[in-house]
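Text of entry.cif, listed as mmCIF, C-alpha atoms:
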```
data_structure
#
loop_
_atom_site.label_atom_id
_atom_site.label_comp_id
_atom_site.auth_asym_id
_atom_site.auth_seq_id
_atom_site.Cartn_x
_atom_site.Cartn_y
_atom_site.Cartn_z
CA MET N 1 -78.54 -64.60 -151.84
CA SER N 2 -80.77 -63.36 -149.01
CA LEU N 3 -81.79 -59.73 -148.52
CA ARG N 4 -79.88 -59.74 -145.23
CA THR N 5 -76.67 -60.79 -147.01
CA ILE N 6 -77.14 -58.12 -149.68
CA SER N 7 -77.73 -55.48 -147.01
CA LEU N 8 -74.63 -56.55 -145.11
CA ARG N 9 -72.47 -56.41 -148.24
CA CYS N 10 -73.83 -52.97 -149.13
CA ARG N 11 -72.90 -51.71 -145.67
CA GLN N 12 -69.45 -53.23 -146.01
CA LEU N 13 -69.01 -51.52 -149.39
CA LEU N 14 -70.04 -48.16 -147.94
CA VAL N 15 -67.61 -48.56 -145.05
CA TRP N 16 -64.81 -49.54 -147.45
CA SER N 17 -65.54 -46.55 -149.72
CA ALA N 18 -65.54 -44.18 -146.77
CA ALA N 19 -62.25 -45.64 -145.54
CA VAL N 20 -60.65 -45.12 -148.95
CA TRP N 21 -61.71 -41.47 -149.03
CA LEU N 22 -60.53 -40.89 -145.48
CA PHE N 23 -57.14 -42.30 -146.48
CA VAL N 24 -57.00 -40.02 -149.52
CA LEU N 25 -57.97 -36.97 -147.50
CA GLU N 26 -55.97 -37.58 -144.34
CA ALA N 27 -52.86 -39.44 -145.47
CA PRO N 28 -49.78 -37.28 -146.04
CA ALA N 29 -49.99 -37.22 -149.84
CA GLN N 30 -48.00 -35.36 -152.45
CA ASN N 31 -48.92 -31.70 -152.60
CA THR N 32 -49.81 -31.20 -156.25
CA GLY N 33 -52.01 -28.81 -158.15
CA VAL N 34 -53.29 -27.86 -161.57
CA TYR N 35 -54.29 -24.70 -163.40
CA VAL N 36 -57.99 -24.62 -164.23
CA GLY N 37 -59.25 -22.45 -167.09
CA GLY N 38 -62.69 -21.59 -168.39
CA HIS N 39 -63.74 -25.23 -168.64
CA ILE N 40 -64.81 -25.08 -165.01
CA ARG N 41 -67.60 -22.78 -166.21
CA ARG N 42 -68.20 -23.97 -169.76
CA GLU N 43 -68.32 -27.67 -168.96
CA ARG N 44 -69.90 -27.63 -165.55
CA PRO N 45 -70.62 -29.62 -163.52
CA ALA N 46 -68.50 -32.36 -165.11
CA THR N 47 -65.21 -30.48 -164.73
CA VAL N 48 -65.90 -29.80 -161.05
CA GLN N 49 -66.44 -33.49 -160.35
CA LYS N 50 -63.34 -34.49 -162.32
CA LEU N 51 -61.22 -32.08 -160.31
CA LYS N 52 -62.60 -33.33 -157.00
CA HIS N 53 -61.62 -36.90 -157.88
CA SER N 54 -58.34 -36.05 -159.64
CA GLY N 55 -56.11 -36.46 -156.60
CA PHE N 56 -54.78 -32.89 -156.84
CA SER N 57 -54.61 -31.12 -153.49
CA TYR N 58 -55.02 -27.60 -154.86
CA VAL N 59 -56.30 -25.84 -157.97
CA ILE N 60 -55.36 -22.47 -159.47
CA LEU N 61 -58.28 -20.79 -161.21
CA PHE N 62 -56.91 -19.09 -164.35
CA ASN N 63 -57.31 -16.22 -164.30
CA ILE N 64 -58.48 -12.94 -162.77
CA ASN N 65 -57.57 -9.86 -164.81
CA VAL N 66 -57.20 -6.41 -163.26
CA GLU N 67 -58.36 -3.78 -165.72
CA THR N 68 -57.18 -0.16 -165.92
CA ASP N 69 -59.99 1.09 -163.66
CA GLY N 70 -59.56 -1.79 -161.19
CA THR N 71 -62.46 -3.86 -162.50
CA LEU N 72 -61.87 -7.60 -162.17
CA THR N 73 -62.64 -9.70 -165.25
CA THR N 74 -62.14 -13.19 -166.63
CA ASP N 75 -62.60 -14.36 -170.22
CA GLY N 76 -64.13 -11.01 -171.11
CA GLU N 77 -66.77 -11.18 -168.36
CA THR N 78 -66.89 -8.84 -165.38
CA VAL N 79 -66.36 -10.44 -161.98
CA CYS N 80 -66.24 -7.43 -159.64
CA ARG N 81 -66.94 -3.80 -160.43
CA ASP N 82 -67.17 -0.72 -158.17
CA GLY N 83 -66.81 -2.87 -155.06
CA GLU N 84 -69.56 -5.32 -155.98
CA TYR N 85 -69.49 -8.96 -157.11
CA VAL N 86 -71.47 -9.03 -160.37
CA PHE N 87 -70.27 -12.32 -161.86
CA ALA N 88 -73.49 -14.01 -160.79
CA GLU N 89 -75.33 -12.06 -163.48
CA THR N 90 -73.58 -14.05 -166.22
CA GLN N 91 -72.25 -17.05 -164.25
CA PRO N 92 -74.88 -17.85 -161.60
CA PHE N 93 -73.29 -21.18 -160.63
CA TYR N 94 -69.68 -20.06 -160.27
CA ALA N 95 -69.59 -19.41 -156.52
CA ASP N 96 -71.37 -22.69 -155.78
CA ASP N 97 -69.06 -24.62 -158.12
CA VAL N 98 -65.94 -23.24 -156.41
CA ARG N 99 -67.47 -24.13 -153.05
CA GLU N 100 -68.20 -27.64 -154.34
CA LEU N 101 -64.51 -28.19 -155.11
CA LYS N 102 -63.85 -28.33 -151.36
CA THR N 103 -67.00 -30.24 -150.45
CA TRP N 104 -66.37 -33.81 -149.26
CA PRO N 105 -65.53 -36.21 -150.80
CA THR N 106 -62.61 -34.36 -152.38
CA ALA N 107 -58.83 -34.19 -152.20
CA ILE N 108 -58.76 -30.43 -152.84
CA ARG N 109 -57.77 -28.42 -149.78
CA ARG N 110 -56.74 -25.11 -151.32
CA ILE N 111 -58.09 -22.90 -154.10
CA GLU N 112 -56.10 -20.06 -155.66
CA ILE N 113 -56.82 -17.43 -158.27
CA CYS N 114 -54.09 -16.57 -160.77
CA ILE N 115 -53.30 -12.98 -161.68
CA GLY N 116 -51.01 -12.42 -164.64
CA GLY N 117 -49.61 -14.64 -167.37
CA TRP N 118 -47.89 -13.99 -170.68
CA GLY N 119 -49.40 -10.97 -172.41
CA ASN N 120 -51.39 -10.03 -169.31
CA GLU N 121 -50.75 -6.52 -167.99
CA SER N 122 -52.63 -6.88 -164.70
CA TYR N 123 -49.58 -6.16 -162.54
CA SER N 124 -48.73 -3.09 -164.62
CA ARG N 125 -52.25 -1.83 -163.93
CA ILE N 126 -51.91 -2.77 -160.27
CA ARG N 127 -48.73 -0.68 -160.16
CA SER N 128 -50.61 2.33 -161.57
CA LEU N 129 -53.57 1.87 -159.23
CA VAL N 130 -51.34 1.51 -156.18
CA ALA N 131 -49.55 4.72 -157.19
CA SER N 132 -52.80 6.66 -157.69
CA GLU N 133 -55.05 5.26 -154.95
CA GLY N 134 -52.94 3.14 -152.64
CA THR N 135 -54.34 -0.06 -151.13
CA GLY N 136 -56.50 1.31 -148.32
CA GLU N 137 -60.09 0.34 -147.64
CA ASN N 138 -61.39 3.00 -150.02
CA SER N 139 -59.18 1.97 -152.95
CA ILE N 140 -60.80 0.15 -155.85
CA LEU N 141 -58.37 -2.76 -155.53
CA TYR N 142 -59.32 -3.29 -151.90
CA ARG N 143 -63.06 -2.98 -152.53
CA ASN N 144 -63.16 -5.30 -155.55
CA PHE N 145 -61.03 -8.05 -154.03
CA GLN N 146 -62.98 -7.75 -150.80
CA ALA N 147 -66.18 -8.24 -152.79
CA LEU N 148 -64.71 -11.34 -154.43
CA LYS N 149 -63.63 -12.76 -151.07
CA MET N 150 -67.05 -12.17 -149.56
CA ALA N 151 -68.82 -13.79 -152.52
CA VAL N 152 -66.43 -16.74 -152.80
CA PRO N 153 -64.72 -17.17 -149.40
CA GLU N 154 -63.39 -20.58 -150.44
CA ILE N 155 -60.65 -18.83 -152.44
CA ASP N 156 -57.58 -19.14 -150.23
CA ALA N 157 -54.81 -17.44 -152.16
CA VAL N 158 -53.67 -15.40 -155.13
CA ASN N 159 -51.06 -16.84 -157.47
CA ASN N 160 -48.68 -14.14 -158.75
CA ASP N 161 -47.83 -14.88 -162.39
CA ASP N 162 -46.38 -11.47 -163.24
CA GLU N 163 -44.46 -11.66 -166.52
CA HIS N 164 -44.30 -7.98 -167.43
CA ALA N 165 -44.27 -5.36 -164.66
CA TYR N 166 -41.76 -6.84 -162.19
CA ASP N 167 -42.23 -3.93 -159.78
CA VAL N 168 -41.37 -5.06 -156.27
CA ALA N 169 -42.80 -2.09 -154.33
CA SER N 170 -46.30 -2.22 -155.82
CA ALA N 171 -46.40 -6.02 -155.73
CA VAL N 172 -45.49 -6.06 -152.04
CA ALA N 173 -48.14 -3.42 -151.30
CA PHE N 174 -50.74 -5.36 -153.28
CA HIS N 175 -50.03 -8.73 -151.66
CA LYS N 176 -49.95 -7.16 -148.18
CA MET N 177 -53.42 -5.84 -148.94
CA MET N 178 -54.50 -9.29 -150.13
CA TRP N 179 -53.15 -10.79 -146.90
CA GLN N 180 -55.27 -8.33 -144.92
CA LEU N 181 -58.31 -9.43 -146.93
CA GLY N 182 -57.65 -13.10 -146.17
CA TYR N 183 -55.75 -14.20 -149.28
CA HIS N 184 -52.46 -16.08 -149.01
CA THR N 185 -49.84 -15.68 -151.77
CA SER N 186 -48.06 -18.13 -154.06
CA LEU N 187 -45.60 -17.37 -156.86
CA ALA N 188 -45.23 -18.57 -160.44
CA PRO N 189 -41.71 -17.36 -161.30
CA TYR N 190 -40.69 -17.28 -164.95
CA THR N 191 -37.69 -14.95 -165.18
CA ARG N 192 -36.15 -12.01 -163.24
CA LYS N 193 -34.78 -13.94 -160.26
CA GLU N 194 -34.08 -10.72 -158.35
CA TYR N 195 -37.74 -9.68 -158.51
CA TRP N 196 -39.08 -12.92 -157.05
CA SER N 197 -36.39 -13.08 -154.37
CA ALA N 198 -37.06 -9.50 -153.26
CA LEU N 199 -40.84 -9.98 -153.30
CA ALA N 200 -40.61 -13.17 -151.25
CA ALA N 201 -38.18 -11.66 -148.74
CA GLN N 202 -40.15 -8.45 -148.19
CA LEU N 203 -43.53 -10.12 -147.97
CA ASN N 204 -42.19 -12.74 -145.60
CA GLY N 205 -40.74 -9.99 -143.41
CA ASP N 206 -43.85 -7.80 -143.39
CA CYS N 207 -46.52 -10.52 -143.30
CA PRO N 208 -45.24 -13.74 -141.70
CA GLY N 209 -47.53 -16.57 -142.77
CA ALA N 210 -48.76 -14.85 -145.91
CA TRP N 211 -47.60 -17.79 -148.01
CA GLY N 212 -50.06 -20.14 -146.34
CA ASN N 213 -49.54 -23.88 -146.24
CA ARG N 214 -49.23 -25.17 -149.80
CA ALA N 215 -45.60 -26.24 -150.02
CA SER N 216 -42.27 -25.84 -148.37
CA SER N 217 -39.38 -24.09 -150.05
CA LEU N 218 -38.54 -25.11 -153.58
CA ARG N 219 -35.13 -24.56 -155.08
CA ILE N 220 -34.64 -24.52 -158.85
CA SER N 221 -31.12 -24.78 -160.22
CA PRO N 222 -30.39 -25.18 -163.96
CA VAL N 223 -27.98 -28.08 -164.42
CA GLY N 224 -24.46 -26.83 -165.00
CA GLU N 225 -25.03 -23.51 -163.26
CA SER N 226 -24.12 -22.73 -159.69
CA ARG N 227 -26.74 -20.15 -158.81
CA VAL N 228 -29.81 -21.28 -156.91
CA THR N 229 -33.16 -19.51 -156.86
CA GLU N 230 -35.18 -19.87 -153.69
CA VAL N 231 -38.89 -19.22 -153.88
CA GLU N 232 -41.35 -19.55 -151.04
CA PRO N 233 -43.47 -21.56 -151.27
CA SER N 234 -43.49 -22.94 -154.80
CA ALA N 235 -42.52 -22.52 -158.41
CA VAL N 236 -44.52 -23.29 -161.53
CA ASP N 237 -43.20 -23.95 -165.00
CA HIS N 238 -44.05 -21.41 -167.69
CA GLY N 239 -46.12 -22.61 -170.62
CA GLY N 240 -46.88 -26.04 -169.19
CA TYR N 241 -46.52 -28.35 -166.24
CA TYR N 242 -43.61 -30.30 -164.85
CA ASP N 243 -43.64 -33.78 -166.28
CA LEU N 244 -42.71 -36.09 -163.42
CA CYS N 245 -43.05 -39.86 -163.82
CA GLY N 246 -45.35 -39.34 -166.80
CA ARG N 247 -47.85 -37.24 -164.85
CA ARG N 248 -48.36 -33.59 -165.72
CA MET N 249 -48.54 -31.40 -162.65
CA ALA N 250 -48.44 -27.72 -161.82
CA ALA N 251 -45.83 -28.24 -159.10
CA PRO N 252 -43.53 -31.07 -158.03
CA PRO N 253 -44.06 -33.18 -154.91
CA LEU N 254 -42.87 -31.73 -151.65
CA LYS N 255 -39.73 -33.80 -151.27
CA GLY N 256 -37.27 -35.37 -153.66
CA LEU N 257 -34.74 -34.71 -156.38
CA TYR N 258 -35.89 -34.71 -159.99
CA ILE N 259 -34.28 -34.16 -163.38
CA VAL N 260 -36.98 -32.86 -165.70
CA LYS N 261 -37.43 -30.95 -168.94
CA LYS N 262 -38.52 -27.32 -168.63
CA ASN N 263 -38.87 -25.19 -171.75
CA ASN N 264 -36.54 -27.60 -173.57
CA ARG N 265 -33.88 -27.26 -170.86
CA THR N 266 -32.78 -29.90 -168.41
CA VAL N 267 -33.57 -28.67 -164.92
CA LYS N 268 -32.66 -30.13 -161.55
CA ILE N 269 -35.53 -29.76 -159.08
CA THR N 270 -34.93 -30.23 -155.37
CA ALA N 271 -38.05 -29.90 -153.23
CA GLN N 272 -37.52 -29.89 -149.49
#
```
Please render this file's structure as structure tokens.
Amino acid sequence: MSLRTISLRCRQLLVWSAAVWLFVLEAPAQNTGVYVGGHIRRERPATVQKLKHSGFSYVILFNINVETDGTLTTDGETVCRDGEYVFAETQPFYADDVRELKTWPTAIRRIEICIGGWGNESYSRIRSLVASEGTGENSILYRNFQALKMAVPEIDAVNNDDEHAYDVASAVAFHKMMWQLGYHTSLAPYTRKEYWSALAAQLNGDCPGAWGNRASSLRISPVGESRVTEVEPSAVDHGGYYDLCGRRMAAPPLKGLYIVKKNNRTVKITAQ
């Protein structure tokens, strides 16, 4: 085989590879995501590369804790304190790794941070901080989340996984503040239908577009029950991922009707 033939085949391979990635990135694919824990830091850079090539279109970084004084932490390490991003002192590669998730070639278009979870009292502390300081530019919540946004601007949204406080007024105030800082909002409803419905309705009314562009409306209706819960823009199973067609995902595809198992219950999922 001549050098000219080898060179031609190499060029053809490069063109083919580029075409495949363009198809992955530009074709209207399923909108799916995954929660990402501390492995993105502990097993870097391998985890970053795996996520980029996973086919997921968004990731939810789990998680950011709000402490009593408004300090932001994760896994016992301080992320933002007194209006300054200090995570680089212990995790010098974190901002670059999050940026890399969106760097071509990749299928990831959106990055979220999760606040809350079972046993996490972040939204109870947010309620107290909103009551004592509000959400203005001088409040500690505003200053710390502004510092995070400035240090890692690739973070698009905050994923509300409140499983304890369920206070609509403070949650609306907090997410309106986050919208002003450049964060969209997504929801991870577990229970308390009235809380999620009220939060979605009020935030939609006060901040049109705050949900961003991750998914269209998702309706969840337990089989055998007539009530329907509407959540904009998405819903995430508690304690695991939806198991659709053998693939574990954090959210179902945009369109279709599915009968799946959720917390040992049969659930009918209609995504529109």
How many Å separate CA of Tyr190 (chain N) from CA of Val172 (chain N)?
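Answer for the CA of Tyr190 (chain N) to CA of Val172 (chain N) separation: 17.8 Å.
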For Asp162 (chain N), please output as a PyMOL selection string all residues within 12 Å (counting only C-alpha atoms; exclusion window: fewer than 2 positions along the same chain).
chain N and resi 63+65-66+114-127+158-160+164-168+170-171+186-192+195-196+199+238
What is the distance between CA of Asn144 (chain N) and CA of Thr74 (chain N), in Å to one decimal?
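Between CA of Asn144 (chain N) and CA of Thr74 (chain N) the gap is 13.6 Å.
When the distance limit is 6 Å and only C-alpha atoms are what count, the residues near Ser57 (chain N), minus those fewer than 3 positions from it on the same chain, are Asn31, Thr32, Gly33, Ala107, Ile108 and Arg109 of chain N.
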Could you save those same residues with C-alpha atoms as an mmCIF file, in the frame of the given file?
```cif
data_model
loop_
_atom_site.group_PDB
_atom_site.id
_atom_site.type_symbol
_atom_site.label_atom_id
_atom_site.label_comp_id
_atom_site.auth_asym_id
_atom_site.auth_seq_id
_atom_site.Cartn_x
_atom_site.Cartn_y
_atom_site.Cartn_z
ATOM 1 C CA ASN N 31 -48.920 -31.700 -152.600
ATOM 2 C CA THR N 32 -49.810 -31.200 -156.250
ATOM 3 C CA GLY N 33 -52.010 -28.810 -158.150
ATOM 4 C CA ALA N 107 -58.830 -34.190 -152.200
ATOM 5 C CA ILE N 108 -58.760 -30.430 -152.840
ATOM 6 C CA ARG N 109 -57.770 -28.420 -149.780
#
```
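Between Gly182 (chain N) and the residues N:Asn204, N:Thr68, N:Gln146, N:Thr90, the shortest atom-to-atom distance, using only C-alpha atoms, involves N:Gln146.
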My list of candidates is N:Ile40, N:Cys80, N:Ala147, N:Ala131. Which is closest to Asp97 (chain N) when distances are computed with all atoms listed in the file?
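Of N:Ile40, N:Cys80, N:Ala147, N:Ala131, the one nearest Asp97 (chain N) is N:Ile40, counting all atoms listed in the file.
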CA of Lys149 (chain N) to CA of Phe62 (chain N) measures 16.2 Å
Taking the file as shown, what set of residues would the PyMOL selection byres ((chain N and resi 44) around 12) give back, as an MDAnalysis selection string?
chainID N and resid 37:43 45:51 91:94 96:98 100:101
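In this comparison, which uses only C-alpha atoms, the residue of N:Ile155, N:Asp161, N:Glu89, N:Ile64 approaching Gly76 (chain N) most closely is N:Ile64.
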Explicit residue set for the PyMOL selection byres ((chain N and resi 184) around 8), as a PyMOL selection string
chain N and resi 156-158+178-179+182-183+185-186+209-212
With distances taken over only C-alpha atoms, which residue among N:Ala169, N:Val79, N:Ile111, N:Val130 lies nearest Leu61 (chain N)?
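Nearest candidate to Leu61 (chain N) out of N:Ala169, N:Val79, N:Ile111, N:Val130: N:Ile111.
Distances from N:Ser132, N:Thr71, N:Ile60, N:Met150 to Glu112 (chain N) were compared using only C-alpha atoms, and the smallest one belongs to N:Ile60.
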Please identify all polymer residues within 10 Å of Gly134 (chain N), counting all atoms listed in the file, omitting same-chain residues fewer than 6 positions from it, and present them as a PyMOL selection string.
chain N and resi 126-128+140-142+170+173-174+177
Pick from N:Pro153, N:Gly70, N:Pro208, N:Gly136, whichever lies nearest to Lys102 (chain N) using only C-alpha atoms
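Once distances to Lys102 (chain N) are computed over only C-alpha atoms, the minimum belongs to N:Pro153.
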Could you model N, CA and C atoms for region 52-66 of chain N and present them as a compact mmCIF listing (two decimals), in the frame of the given file?
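Output saved as result_17.txt:
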```
# COMPACT_ATOMS: atom_id res chain seq x y z
N LYS N 52 -62.46 -32.81 -158.36
CA LYS N 52 -62.60 -33.33 -157.00
C LYS N 52 -62.00 -34.72 -156.87
N HIS N 53 -62.09 -35.52 -157.92
CA HIS N 53 -61.62 -36.90 -157.88
C HIS N 53 -60.27 -37.08 -158.58
N SER N 54 -59.60 -35.98 -158.90
CA SER N 54 -58.34 -36.05 -159.64
C SER N 54 -57.15 -36.44 -158.78
N GLY N 55 -57.24 -36.22 -157.48
CA GLY N 55 -56.11 -36.46 -156.60
C GLY N 55 -55.26 -35.23 -156.34
N PHE N 56 -55.51 -34.13 -157.09
CA PHE N 56 -54.78 -32.89 -156.84
C PHE N 56 -55.22 -32.30 -155.51
N SER N 57 -54.28 -31.69 -154.80
CA SER N 57 -54.61 -31.12 -153.49
C SER N 57 -54.94 -29.63 -153.58
N TYR N 58 -54.62 -28.99 -154.68
CA TYR N 58 -55.02 -27.60 -154.86
C TYR N 58 -55.24 -27.30 -156.33
N VAL N 59 -56.05 -26.28 -156.60
CA VAL N 59 -56.30 -25.84 -157.97
C VAL N 59 -56.04 -24.34 -158.04
N ILE N 60 -55.59 -23.89 -159.22
CA ILE N 60 -55.36 -22.47 -159.47
C ILE N 60 -56.31 -22.05 -160.58
N LEU N 61 -57.28 -21.23 -160.25
CA LEU N 61 -58.28 -20.79 -161.21
C LEU N 61 -57.66 -19.71 -162.10
N PHE N 62 -57.59 -19.98 -163.40
CA PHE N 62 -56.91 -19.09 -164.35
C PHE N 62 -57.96 -18.39 -165.21
N ASN N 63 -57.99 -17.08 -165.23
CA ASN N 63 -57.31 -16.22 -164.30
C ASN N 63 -58.20 -15.03 -164.04
N ILE N 64 -57.79 -14.19 -163.07
CA ILE N 64 -58.48 -12.94 -162.77
C ILE N 64 -57.65 -11.81 -163.34
N ASN N 65 -58.25 -11.00 -164.22
CA ASN N 65 -57.57 -9.86 -164.81
C ASN N 65 -57.94 -8.58 -164.05
N VAL N 66 -56.96 -7.73 -163.83
CA VAL N 66 -57.20 -6.41 -163.26
C VAL N 66 -57.16 -5.40 -164.40
```
